[in-house]
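data.txt follows (compact mmCIF, N, CA and C atoms):
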# COMPACT_ATOMS: atom_id res chain seq x y z
N MET A 1 1.60 5.73 25.54
CA MET A 1 1.58 6.80 24.59
C MET A 1 1.23 6.24 23.22
N SER A 2 0.18 6.77 22.62
CA SER A 2 -0.25 6.29 21.33
C SER A 2 0.10 7.31 20.25
N ILE A 3 0.48 6.79 19.11
CA ILE A 3 0.87 7.65 18.00
C ILE A 3 -0.21 7.58 16.93
N GLU A 4 -0.60 8.73 16.44
CA GLU A 4 -1.61 8.80 15.39
C GLU A 4 -0.91 8.97 14.04
N ILE A 5 -1.22 8.09 13.11
CA ILE A 5 -0.65 8.19 11.77
C ILE A 5 -1.56 9.10 10.95
N ILE A 6 -0.99 10.19 10.48
CA ILE A 6 -1.76 11.18 9.72
C ILE A 6 -1.68 10.88 8.23
N ASN A 7 -0.51 10.48 7.78
CA ASN A 7 -0.30 10.23 6.36
C ASN A 7 0.71 9.10 6.22
N GLU A 8 0.55 8.32 5.20
CA GLU A 8 1.46 7.21 4.98
C GLU A 8 1.80 7.14 3.49
N LYS A 9 3.08 7.06 3.18
CA LYS A 9 3.50 6.92 1.79
C LYS A 9 4.80 6.14 1.74
N PRO A 10 4.98 5.35 0.68
CA PRO A 10 6.23 4.60 0.56
C PRO A 10 7.40 5.54 0.28
N VAL A 11 8.54 5.22 0.88
CA VAL A 11 9.74 6.05 0.73
C VAL A 11 10.90 5.12 0.34
N PRO A 12 11.65 5.50 -0.70
CA PRO A 12 12.79 4.66 -1.09
C PRO A 12 13.87 4.62 -0.02
N ILE A 13 14.60 3.52 0.02
CA ILE A 13 15.65 3.34 1.02
C ILE A 13 16.70 4.45 0.93
N ALA A 14 17.03 4.90 -0.29
CA ALA A 14 18.02 5.96 -0.45
C ALA A 14 17.56 7.25 0.23
N GLU A 15 16.25 7.51 0.21
CA GLU A 15 15.73 8.71 0.87
C GLU A 15 15.76 8.56 2.39
N VAL A 16 15.48 7.37 2.88
CA VAL A 16 15.57 7.10 4.31
C VAL A 16 17.01 7.34 4.77
N LYS A 17 17.95 6.81 4.01
CA LYS A 17 19.38 6.99 4.33
C LYS A 17 19.73 8.47 4.40
N ASP A 18 19.24 9.24 3.46
CA ASP A 18 19.52 10.67 3.41
C ASP A 18 18.86 11.41 4.59
N LEU A 19 17.60 11.11 4.86
CA LEU A 19 16.87 11.80 5.93
C LEU A 19 17.45 11.50 7.31
N ILE A 20 17.67 10.24 7.60
CA ILE A 20 18.19 9.87 8.92
C ILE A 20 19.66 10.29 9.04
N GLY A 21 20.40 10.20 7.95
CA GLY A 21 21.82 10.54 7.97
C GLY A 21 22.10 12.00 8.30
N LYS A 22 21.11 12.87 8.14
CA LYS A 22 21.28 14.30 8.43
C LYS A 22 21.21 14.61 9.92
N ARG A 23 20.70 13.66 10.71
CA ARG A 23 20.57 13.89 12.14
C ARG A 23 21.92 13.83 12.83
N LYS A 24 22.00 14.48 13.98
CA LYS A 24 23.24 14.46 14.76
C LYS A 24 23.20 13.39 15.84
N GLU A 25 22.01 13.12 16.35
CA GLU A 25 21.83 12.08 17.37
C GLU A 25 20.76 11.11 16.90
N TYR A 26 20.93 9.85 17.27
CA TYR A 26 20.01 8.81 16.82
C TYR A 26 19.47 8.01 17.99
N SER A 27 18.21 7.62 17.87
CA SER A 27 17.67 6.65 18.82
C SER A 27 18.17 5.27 18.36
N TYR A 28 17.93 4.26 19.16
CA TYR A 28 18.35 2.90 18.81
C TYR A 28 17.72 2.47 17.48
N ARG A 29 16.44 2.72 17.32
CA ARG A 29 15.74 2.32 16.09
C ARG A 29 16.24 3.11 14.88
N GLN A 30 16.55 4.36 15.08
CA GLN A 30 17.07 5.17 13.98
C GLN A 30 18.44 4.66 13.54
N LYS A 31 19.26 4.25 14.51
CA LYS A 31 20.57 3.68 14.18
C LYS A 31 20.40 2.42 13.33
N LEU A 32 19.47 1.55 13.76
CA LEU A 32 19.21 0.33 13.00
C LEU A 32 18.71 0.63 11.60
N ALA A 33 17.80 1.59 11.49
CA ALA A 33 17.25 1.97 10.18
C ALA A 33 18.34 2.54 9.28
N LEU A 34 19.22 3.35 9.85
CA LEU A 34 20.31 3.94 9.07
C LEU A 34 21.28 2.85 8.60
N GLU A 35 21.62 1.93 9.48
CA GLU A 35 22.51 0.83 9.08
C GLU A 35 21.89 0.01 7.96
N HIS A 36 20.60 -0.29 8.10
CA HIS A 36 19.89 -1.05 7.07
C HIS A 36 19.90 -0.28 5.75
N ALA A 37 19.63 1.01 5.81
CA ALA A 37 19.60 1.83 4.59
C ALA A 37 20.98 1.89 3.93
N LYS A 38 22.03 2.04 4.74
CA LYS A 38 23.39 2.08 4.19
C LYS A 38 23.75 0.76 3.52
N ASP A 39 23.34 -0.34 4.14
CA ASP A 39 23.66 -1.67 3.61
C ASP A 39 22.86 -2.02 2.36
N ASN A 40 21.65 -1.46 2.23
CA ASN A 40 20.75 -1.91 1.18
C ASN A 40 20.44 -0.91 0.08
N ALA A 41 20.82 0.34 0.23
CA ALA A 41 20.57 1.32 -0.83
C ALA A 41 21.50 1.00 -2.00
N LYS A 42 20.92 0.65 -3.12
CA LYS A 42 21.72 0.26 -4.28
C LYS A 42 22.08 1.45 -5.17
N LEU A 43 21.30 2.52 -5.08
CA LEU A 43 21.53 3.71 -5.90
C LEU A 43 21.63 4.94 -5.01
N SER A 44 22.21 5.99 -5.54
CA SER A 44 22.24 7.26 -4.81
C SER A 44 20.83 7.83 -4.79
N LEU A 45 20.60 8.80 -3.91
CA LEU A 45 19.28 9.42 -3.82
C LEU A 45 18.91 10.06 -5.16
N LYS A 46 19.86 10.73 -5.78
CA LYS A 46 19.60 11.40 -7.07
C LYS A 46 19.18 10.38 -8.13
N ASN A 47 19.91 9.29 -8.25
CA ASN A 47 19.57 8.26 -9.24
C ASN A 47 18.27 7.55 -8.90
N THR A 48 18.02 7.34 -7.63
CA THR A 48 16.76 6.72 -7.21
C THR A 48 15.58 7.59 -7.62
N GLN A 49 15.68 8.87 -7.35
CA GLN A 49 14.60 9.80 -7.71
C GLN A 49 14.40 9.85 -9.22
N ALA A 50 15.49 9.86 -9.98
CA ALA A 50 15.40 9.89 -11.44
C ALA A 50 14.76 8.60 -11.97
N LEU A 51 15.14 7.46 -11.40
CA LEU A 51 14.56 6.18 -11.80
C LEU A 51 13.06 6.17 -11.52
N ILE A 52 12.66 6.63 -10.36
CA ILE A 52 11.24 6.68 -10.00
C ILE A 52 10.47 7.54 -11.00
N GLU A 53 11.01 8.69 -11.33
CA GLU A 53 10.35 9.59 -12.30
C GLU A 53 10.24 8.92 -13.67
N ASP A 54 11.31 8.27 -14.12
CA ASP A 54 11.27 7.59 -15.41
C ASP A 54 10.25 6.45 -15.42
N LEU A 55 10.15 5.72 -14.33
CA LEU A 55 9.16 4.64 -14.25
C LEU A 55 7.73 5.20 -14.26
N LYS A 56 7.52 6.32 -13.60
CA LYS A 56 6.20 6.95 -13.60
C LYS A 56 5.82 7.43 -15.00
N LYS A 57 6.81 7.90 -15.76
CA LYS A 57 6.56 8.39 -17.12
C LYS A 57 6.08 7.28 -18.05
N LEU A 58 6.35 6.03 -17.69
CA LEU A 58 5.86 4.91 -18.51
C LEU A 58 4.33 4.85 -18.49
N GLU A 59 3.74 5.40 -17.44
CA GLU A 59 2.27 5.44 -17.27
C GLU A 59 1.63 4.06 -17.40
N ILE A 60 2.23 3.11 -16.71
CA ILE A 60 1.65 1.76 -16.65
C ILE A 60 0.68 1.75 -15.48
N ARG A 61 -0.61 1.69 -15.77
CA ARG A 61 -1.62 1.79 -14.71
C ARG A 61 -1.52 0.67 -13.68
N ARG A 62 -1.06 -0.47 -14.09
CA ARG A 62 -0.94 -1.60 -13.16
C ARG A 62 0.22 -1.45 -12.18
N LEU A 63 1.11 -0.52 -12.48
CA LEU A 63 2.30 -0.32 -11.66
C LEU A 63 2.01 0.77 -10.62
N ARG A 64 1.76 0.33 -9.39
CA ARG A 64 1.41 1.27 -8.32
C ARG A 64 2.67 1.93 -7.76
N GLU A 65 2.46 3.03 -7.03
CA GLU A 65 3.59 3.77 -6.47
C GLU A 65 4.46 2.88 -5.59
N LYS A 66 3.83 2.06 -4.76
CA LYS A 66 4.64 1.21 -3.88
C LYS A 66 5.47 0.20 -4.67
N ASP A 67 4.96 -0.25 -5.82
CA ASP A 67 5.74 -1.14 -6.68
C ASP A 67 6.92 -0.41 -7.30
N ILE A 68 6.69 0.84 -7.71
CA ILE A 68 7.76 1.65 -8.30
C ILE A 68 8.88 1.86 -7.27
N ILE A 69 8.49 2.13 -6.02
CA ILE A 69 9.49 2.33 -4.95
C ILE A 69 10.28 1.04 -4.73
N LYS A 70 9.58 -0.10 -4.71
CA LYS A 70 10.27 -1.38 -4.53
C LYS A 70 11.25 -1.63 -5.67
N ILE A 71 10.83 -1.31 -6.88
CA ILE A 71 11.71 -1.50 -8.04
C ILE A 71 12.95 -0.62 -7.91
N ALA A 72 12.75 0.63 -7.49
CA ALA A 72 13.89 1.56 -7.32
C ALA A 72 14.81 1.09 -6.20
N ASP A 73 14.26 0.47 -5.18
CA ASP A 73 15.08 -0.05 -4.07
C ASP A 73 15.85 -1.30 -4.46
N MET A 74 15.21 -2.18 -5.19
CA MET A 74 15.81 -3.49 -5.47
C MET A 74 16.55 -3.56 -6.80
N VAL A 75 16.28 -2.64 -7.71
CA VAL A 75 16.94 -2.54 -9.01
C VAL A 75 17.03 -3.91 -9.71
N PRO A 76 15.88 -4.47 -10.10
CA PRO A 76 15.91 -5.79 -10.75
C PRO A 76 16.58 -5.72 -12.12
N LYS A 77 17.36 -6.74 -12.43
CA LYS A 77 18.09 -6.75 -13.69
C LYS A 77 17.45 -7.66 -14.73
N THR A 78 16.53 -8.51 -14.28
CA THR A 78 15.87 -9.44 -15.21
C THR A 78 14.36 -9.39 -14.99
N ILE A 79 13.64 -9.91 -15.97
CA ILE A 79 12.18 -9.98 -15.86
C ILE A 79 11.80 -10.90 -14.70
N ASP A 80 12.55 -11.97 -14.49
CA ASP A 80 12.25 -12.88 -13.37
C ASP A 80 12.38 -12.16 -12.03
N ASP A 81 13.41 -11.33 -11.89
CA ASP A 81 13.58 -10.54 -10.66
C ASP A 81 12.40 -9.58 -10.48
N LEU A 82 11.99 -8.95 -11.57
CA LEU A 82 10.87 -8.01 -11.53
C LEU A 82 9.57 -8.71 -11.15
N LYS A 83 9.36 -9.91 -11.68
CA LYS A 83 8.15 -10.69 -11.35
C LYS A 83 8.05 -10.92 -9.85
N VAL A 84 9.17 -11.21 -9.22
CA VAL A 84 9.17 -11.44 -7.77
C VAL A 84 8.75 -10.18 -7.03
N ILE A 85 9.24 -9.03 -7.48
CA ILE A 85 8.94 -7.76 -6.81
C ILE A 85 7.47 -7.40 -6.92
N VAL A 86 6.87 -7.60 -8.09
CA VAL A 86 5.48 -7.18 -8.30
C VAL A 86 4.50 -8.35 -8.21
N SER A 87 4.93 -9.48 -7.70
CA SER A 87 4.09 -10.68 -7.66
C SER A 87 2.83 -10.52 -6.81
N GLY A 88 2.84 -9.63 -5.83
CA GLY A 88 1.68 -9.45 -4.97
C GLY A 88 0.61 -8.55 -5.57
N SER A 89 0.86 -8.03 -6.75
CA SER A 89 -0.08 -7.12 -7.39
C SER A 89 -1.33 -7.85 -7.85
N ALA A 90 -2.47 -7.20 -7.69
CA ALA A 90 -3.75 -7.81 -8.08
C ALA A 90 -3.82 -8.02 -9.59
N THR A 91 -3.25 -7.10 -10.35
CA THR A 91 -3.23 -7.23 -11.81
C THR A 91 -1.78 -7.25 -12.26
N PRO A 92 -1.28 -8.43 -12.63
CA PRO A 92 0.14 -8.55 -12.99
C PRO A 92 0.47 -7.79 -14.28
N LEU A 93 1.72 -7.42 -14.39
CA LEU A 93 2.20 -6.74 -15.58
C LEU A 93 2.32 -7.75 -16.73
N ILE A 94 2.08 -7.27 -17.94
CA ILE A 94 2.28 -8.14 -19.09
C ILE A 94 3.75 -8.06 -19.51
N LYS A 95 4.17 -9.00 -20.34
CA LYS A 95 5.59 -9.11 -20.70
C LYS A 95 6.12 -7.81 -21.30
N ASP A 96 5.36 -7.18 -22.17
CA ASP A 96 5.80 -5.94 -22.82
C ASP A 96 6.06 -4.84 -21.78
N GLU A 97 5.18 -4.74 -20.79
CA GLU A 97 5.36 -3.75 -19.73
C GLU A 97 6.60 -4.05 -18.89
N MET A 98 6.80 -5.32 -18.60
CA MET A 98 7.98 -5.71 -17.81
C MET A 98 9.26 -5.41 -18.57
N GLU A 99 9.27 -5.63 -19.86
CA GLU A 99 10.46 -5.33 -20.67
C GLU A 99 10.77 -3.84 -20.65
N LYS A 100 9.74 -3.00 -20.71
CA LYS A 100 9.93 -1.55 -20.65
C LYS A 100 10.52 -1.13 -19.30
N VAL A 101 10.02 -1.73 -18.23
CA VAL A 101 10.52 -1.42 -16.89
C VAL A 101 11.99 -1.81 -16.77
N ILE A 102 12.33 -3.00 -17.20
CA ILE A 102 13.72 -3.48 -17.11
C ILE A 102 14.65 -2.60 -17.95
N GLU A 103 14.17 -2.17 -19.11
CA GLU A 103 14.97 -1.29 -19.98
C GLU A 103 15.31 0.02 -19.26
N ILE A 104 14.33 0.58 -18.55
CA ILE A 104 14.55 1.82 -17.77
C ILE A 104 15.51 1.55 -16.62
N VAL A 105 15.29 0.48 -15.89
CA VAL A 105 16.11 0.15 -14.71
C VAL A 105 17.57 -0.04 -15.12
N LYS A 106 17.81 -0.67 -16.25
CA LYS A 106 19.18 -0.94 -16.68
C LYS A 106 19.98 0.34 -16.90
N LYS A 107 19.32 1.44 -17.18
CA LYS A 107 20.03 2.72 -17.35
C LYS A 107 20.68 3.18 -16.04
N TYR A 108 20.13 2.72 -14.92
CA TYR A 108 20.60 3.17 -13.61
C TYR A 108 21.40 2.10 -12.87
N ALA A 109 21.31 0.86 -13.29
CA ALA A 109 21.98 -0.24 -12.58
C ALA A 109 23.48 -0.23 -12.76
Write-out of the structure in structure tokens:
Amino acid sequence: MSIEIINEKPVPIAEVKDLIGKRKEYSYRQKLALEHAKDNAKLSLKNTQALIEDLKKLEIRRLREKDIIKIADMVPKTIDDLKVIVSGSATPLIKDEMEKVIEIVKKYA
């Protein structure tokens, strides 16, 4: 049985926790995903969504949606932590941009 992927988008861990947590029965993989989400979600769904919106409002073109989701999931507290999260980006953030991101993240940490 082959599965066709129609659409793909990054989803924060807090949203995964909320979506899977609403089910009454779980497959083995869903149980594992829910356990992982419970163990690793650092913020509530509401705070995660607010953080994502605030990061998008910065309008940093180098900061892609998947990077914003990673930041909301990992909640970096320092510029060094942030560098690790966005290190795979083709165009790295400059220091001023990283400081703005950390300032926003600290409101939710």
Counting only N, CA and C atoms, the option among A:Ile85, A:Val101, A:Lys95, A:His36 closest to Asp67 of chain A: A:Ile85
Å distance separating atom C of Glu99 of chain A from atom N of Asn40 of chain A, one decimal place: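 Interatomic distance, atom C of Glu99 of chain A to atom N of Asn40 of chain A: 25.4 Å.
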Identify all residues of segment 2-71 of chain A in helix (DSSP H, G or I) (DSSP on the backbone) and supply them as a PDB file with N, CA and C atoms, in the frame of the given file.
ATOM      1  N   ILE A  13      14.600   3.520   0.020  1.00  0.00           N
ATOM      2  CA  ILE A  13      15.650   3.340   1.020  1.00  0.00           C
ATOM      3  C   ILE A  13      16.700   4.450   0.930  1.00  0.00           C
ATOM      4  N   ALA A  14      17.030   4.900  -0.290  1.00  0.00           N
ATOM      5  CA  ALA A  14      18.020   5.960  -0.450  1.00  0.00           C
ATOM      6  C   ALA A  14      17.560   7.250   0.230  1.00  0.00           C
ATOM      7  N   GLU A  15      16.250   7.510   0.210  1.00  0.00           N
ATOM      8  CA  GLU A  15      15.730   8.710   0.870  1.00  0.00           C
ATOM      9  C   GLU A  15      15.760   8.560   2.390  1.00  0.00           C
ATOM     10  N   VAL A  16      15.480   7.370   2.880  1.00  0.00           N
ATOM     11  CA  VAL A  16      15.570   7.100   4.310  1.00  0.00           C
ATOM     12  C   VAL A  16      17.010   7.340   4.770  1.00  0.00           C
ATOM     13  N   LYS A  17      17.950   6.810   4.010  1.00  0.00           N
ATOM     14  CA  LYS A  17      19.380   6.990   4.330  1.00  0.00           C
ATOM     15  C   LYS A  17      19.730   8.470   4.400  1.00  0.00           C
ATOM     16  N   ASP A  18      19.240   9.240   3.460  1.00  0.00           N
ATOM     17  CA  ASP A  18      19.520  10.670   3.410  1.00  0.00           C
ATOM     18  C   ASP A  18      18.860  11.410   4.590  1.00  0.00           C
ATOM     19  N   LEU A  19      17.600  11.110   4.860  1.00  0.00           N
ATOM     20  CA  LEU A  19      16.870  11.800   5.930  1.00  0.00           C
ATOM     21  C   LEU A  19      17.450  11.500   7.310  1.00  0.00           C
ATOM     22  N   ILE A  20      17.670  10.240   7.600  1.00  0.00           N
ATOM     23  CA  ILE A  20      18.190   9.870   8.920  1.00  0.00           C
ATOM     24  C   ILE A  20      19.660  10.290   9.040  1.00  0.00           C
ATOM     25  N   GLY A  21      20.400  10.200   7.950  1.00  0.00           N
ATOM     26  CA  GLY A  21      21.820  10.540   7.970  1.00  0.00           C
ATOM     27  C   GLY A  21      22.100  12.000   8.300  1.00  0.00           C
ATOM     28  N   TYR A  28      17.930   4.260  19.160  1.00  0.00           N
ATOM     29  CA  TYR A  28      18.350   2.900  18.810  1.00  0.00           C
ATOM     30  C   TYR A  28      17.720   2.470  17.480  1.00  0.00           C
ATOM     31  N   ARG A  29      16.440   2.720  17.320  1.00  0.00           N
ATOM     32  CA  ARG A  29      15.740   2.320  16.090  1.00  0.00           C
ATOM     33  C   ARG A  29      16.240   3.110  14.880  1.00  0.00           C
ATOM     34  N   GLN A  30      16.550   4.360  15.080  1.00  0.00           N
ATOM     35  CA  GLN A  30      17.070   5.170  13.980  1.00  0.00           C
ATOM     36  C   GLN A  30      18.440   4.660  13.540  1.00  0.00           C
ATOM     37  N   LYS A  31      19.260   4.250  14.510  1.00  0.00           N
ATOM     38  CA  LYS A  31      20.570   3.680  14.180  1.00  0.00           C
ATOM     39  C   LYS A  31      20.400   2.420  13.330  1.00  0.00           C
ATOM     40  N   LEU A  32      19.470   1.550  13.760  1.00  0.00           N
ATOM     41  CA  LEU A  32      19.210   0.330  13.000  1.00  0.00           C
ATOM     42  C   LEU A  32      18.710   0.630  11.600  1.00  0.00           C
ATOM     43  N   ALA A  33      17.800   1.590  11.490  1.00  0.00           N
ATOM     44  CA  ALA A  33      17.250   1.970  10.180  1.00  0.00           C
ATOM     45  C   ALA A  33      18.340   2.540   9.280  1.00  0.00           C
ATOM     46  N   LEU A  34      19.220   3.350   9.850  1.00  0.00           N
ATOM     47  CA  LEU A  34      20.310   3.940   9.070  1.00  0.00           C
ATOM     48  C   LEU A  34      21.280   2.850   8.600  1.00  0.00           C
ATOM     49  N   GLU A  35      21.620   1.930   9.480  1.00  0.00           N
ATOM     50  CA  GLU A  35      22.510   0.830   9.080  1.00  0.00           C
ATOM     51  C   GLU A  35      21.890   0.010   7.960  1.00  0.00           C
ATOM     52  N   HIS A  36      20.600  -0.290   8.100  1.00  0.00           N
ATOM     53  CA  HIS A  36      19.890  -1.050   7.070  1.00  0.00           C
ATOM     54  C   HIS A  36      19.900  -0.280   5.750  1.00  0.00           C
ATOM     55  N   ALA A  37      19.630   1.010   5.810  1.00  0.00           N
ATOM     56  CA  ALA A  37      19.600   1.830   4.590  1.00  0.00           C
ATOM     57  C   ALA A  37      20.980   1.890   3.930  1.00  0.00           C
ATOM     58  N   LYS A  38      22.030   2.040   4.740  1.00  0.00           N
ATOM     59  CA  LYS A  38      23.390   2.080   4.190  1.00  0.00           C
ATOM     60  C   LYS A  38      23.750   0.760   3.520  1.00  0.00           C
ATOM     61  N   ASP A  39      23.340  -0.340   4.140  1.00  0.00           N
ATOM     62  CA  ASP A  39      23.660  -1.670   3.610  1.00  0.00           C
ATOM     63  C   ASP A  39      22.860  -2.020   2.360  1.00  0.00           C
ATOM     64  N   ASN A  40      21.650  -1.460   2.230  1.00  0.00           N
ATOM     65  CA  ASN A  40      20.750  -1.910   1.180  1.00  0.00           C
ATOM     66  C   ASN A  40      20.440  -0.910   0.080  1.00  0.00           C
ATOM     67  N   LEU A  45      20.600   8.800  -3.910  1.00  0.00           N
ATOM     68  CA  LEU A  45      19.280   9.420  -3.820  1.00  0.00           C
ATOM     69  C   LEU A  45      18.910  10.060  -5.160  1.00  0.00           C
ATOM     70  N   LYS A  46      19.860  10.730  -5.780  1.00  0.00           N
ATOM     71  CA  LYS A  46      19.600  11.400  -7.070  1.00  0.00           C
ATOM     72  C   LYS A  46      19.180  10.380  -8.130  1.00  0.00           C
ATOM     73  N   ASN A  47      19.910   9.290  -8.250  1.00  0.00           N
ATOM     74  CA  ASN A  47      19.570   8.260  -9.240  1.00  0.00           C
ATOM     75  C   ASN A  47      18.270   7.550  -8.900  1.00  0.00           C
ATOM     76  N   THR A  48      18.020   7.340  -7.630  1.00  0.00           N
ATOM     77  CA  THR A  48      16.760   6.720  -7.210  1.00  0.00           C
ATOM     78  C   THR A  48      15.580   7.590  -7.620  1.00  0.00           C
ATOM     79  N   GLN A  49      15.680   8.870  -7.350  1.00  0.00           N
ATOM     80  CA  GLN A  49      14.600   9.800  -7.710  1.00  0.00           C
ATOM     81  C   GLN A  49      14.400   9.850  -9.220  1.00  0.00           C
ATOM     82  N   ALA A  50      15.490   9.860  -9.980  1.00  0.00           N
ATOM     83  CA  ALA A  50      15.400   9.890 -11.440  1.00  0.00           C
ATOM     84  C   ALA A  50      14.760   8.600 -11.970  1.00  0.00           C
ATOM     85  N   LEU A  51      15.140   7.460 -11.400  1.00  0.00           N
ATOM     86  CA  LEU A  51      14.560   6.180 -11.800  1.00  0.00           C
ATOM     87  C   LEU A  51      13.060   6.170 -11.520  1.00  0.00           C
ATOM     88  N   ILE A  52      12.660   6.630 -10.360  1.00  0.00           N
ATOM     89  CA  ILE A  52      11.240   6.680 -10.000  1.00  0.00           C
ATOM     90  C   ILE A  52      10.470   7.540 -11.000  1.00  0.00           C
ATOM     91  N   GLU A  53      11.010   8.690 -11.330  1.00  0.00           N
ATOM     92  CA  GLU A  53      10.350   9.590 -12.300  1.00  0.00           C
ATOM     93  C   GLU A  53      10.240   8.920 -13.670  1.00  0.00           C
ATOM     94  N   ASP A  54      11.310   8.270 -14.120  1.00  0.00           N
ATOM     95  CA  ASP A  54      11.270   7.590 -15.410  1.00  0.00           C
ATOM     96  C   ASP A  54      10.250   6.450 -15.420  1.00  0.00           C
ATOM     97  N   LEU A  55      10.150   5.720 -14.330  1.00  0.00           N
ATOM     98  CA  LEU A  55       9.160   4.640 -14.250  1.00  0.00           C
ATOM     99  C   LEU A  55       7.730   5.200 -14.260  1.00  0.00           C
ATOM    100  N   LYS A  56       7.520   6.320 -13.600  1.00  0.00           N
ATOM    101  CA  LYS A  56       6.200   6.950 -13.600  1.00  0.00           C
ATOM    102  C   LYS A  56       5.820   7.430 -15.000  1.00  0.00           C
ATOM    103  N   LYS A  57       6.810   7.900 -15.760  1.00  0.00           N
ATOM    104  CA  LYS A  57       6.560   8.390 -17.120  1.00  0.00           C
ATOM    105  C   LYS A  57       6.080   7.280 -18.050  1.00  0.00           C
ATOM    106  N   GLU A  65       2.460   3.030  -7.030  1.00  0.00           N
ATOM    107  CA  GLU A  65       3.590   3.770  -6.470  1.00  0.00           C
ATOM    108  C   GLU A  65       4.460   2.880  -5.590  1.00  0.00           C
ATOM    109  N   LYS A  66       3.830   2.060  -4.760  1.00  0.00           N
ATOM    110  CA  LYS A  66       4.640   1.210  -3.880  1.00  0.00           C
ATOM    111  C   LYS A  66       5.470   0.200  -4.670  1.00  0.00           C
ATOM    112  N   ASP A  67       4.960  -0.250  -5.820  1.00  0.00           N
ATOM    113  CA  ASP A  67       5.740  -1.140  -6.680  1.00  0.00           C
ATOM    114  C   ASP A  67       6.920  -0.410  -7.300  1.00  0.00           C
ATOM    115  N   ILE A  68       6.690   0.840  -7.710  1.00  0.00           N
ATOM    116  CA  ILE A  68       7.760   1.650  -8.300  1.00  0.00           C
ATOM    117  C   ILE A  68       8.880   1.860  -7.270  1.00  0.00           C
ATOM    118  N   ILE A  69       8.490   2.130  -6.020  1.00  0.00           N
ATOM    119  CA  ILE A  69       9.490   2.330  -4.950  1.00  0.00           C
ATOM    120  C   ILE A  69      10.280   1.040  -4.730  1.00  0.00           C
ATOM    121  N   LYS A  70       9.580  -0.100  -4.710  1.00  0.00           N
ATOM    122  CA  LYS A  70      10.270  -1.380  -4.530  1.00  0.00           C
ATOM    123  C   LYS A  70      11.250  -1.630  -5.670  1.00  0.00           C
ATOM    124  N   ILE A  71      10.830  -1.310  -6.880  1.00  0.00           N
ATOM    125  CA  ILE A  71      11.710  -1.500  -8.040  1.00  0.00           C
ATOM    126  C   ILE A  71      12.950  -0.620  -7.910  1.00  0.00           C
TER     127      ILE A  71
END
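Shortest atom-to-atom contact with Lys83 of chain A among A:Glu65, A:Ser44, A:Met98, A:Lys17: A:Met98, counting only N, CA and C atoms.
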Within 8 Å of segment 74-78 of chain A, which residues of segment 37-64 of chain A come that close, and what is the closest atom pair and distance in Å for each? Count only N, CA and C atoms and give it as a Markdown table.
| residue | atom | partner | partner_atom | distance |
| --- | --- | --- | --- | --- |
| A:Asn40 | C | A:Met74 | N | 7.5 |
| A:Ala41 | C | A:Met74 | N | 7.7 |
| A:Lys42 | N | A:Met74 | N | 6.7 |
| A:Leu43 | N | A:Val75 | N | 7.7 |
d(atom C of Leu82 of chain A, atom CA of Pro12 of chain A) in Å: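 These two atoms are separated by 17.0 Å.
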Pick from A:Glu8, A:Lys70, A:Lys57, A:Leu19 nearest to Val84 of chain A, counting only C-alpha atoms: A:Lys70
Contact residues around Pro92 of chain A with only N, CA and C atoms at 8 Å, ignoring same-chain residues under 5 positions, as a ChimeraX atom specification: /A:62-63,86-87
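Each of A:Lys38, A:Arg23, A:Lys31, A:Lys107 was checked against Leu55 of chain A using only C-alpha atoms; the smallest atom-to-atom distance is that of A:Lys107.
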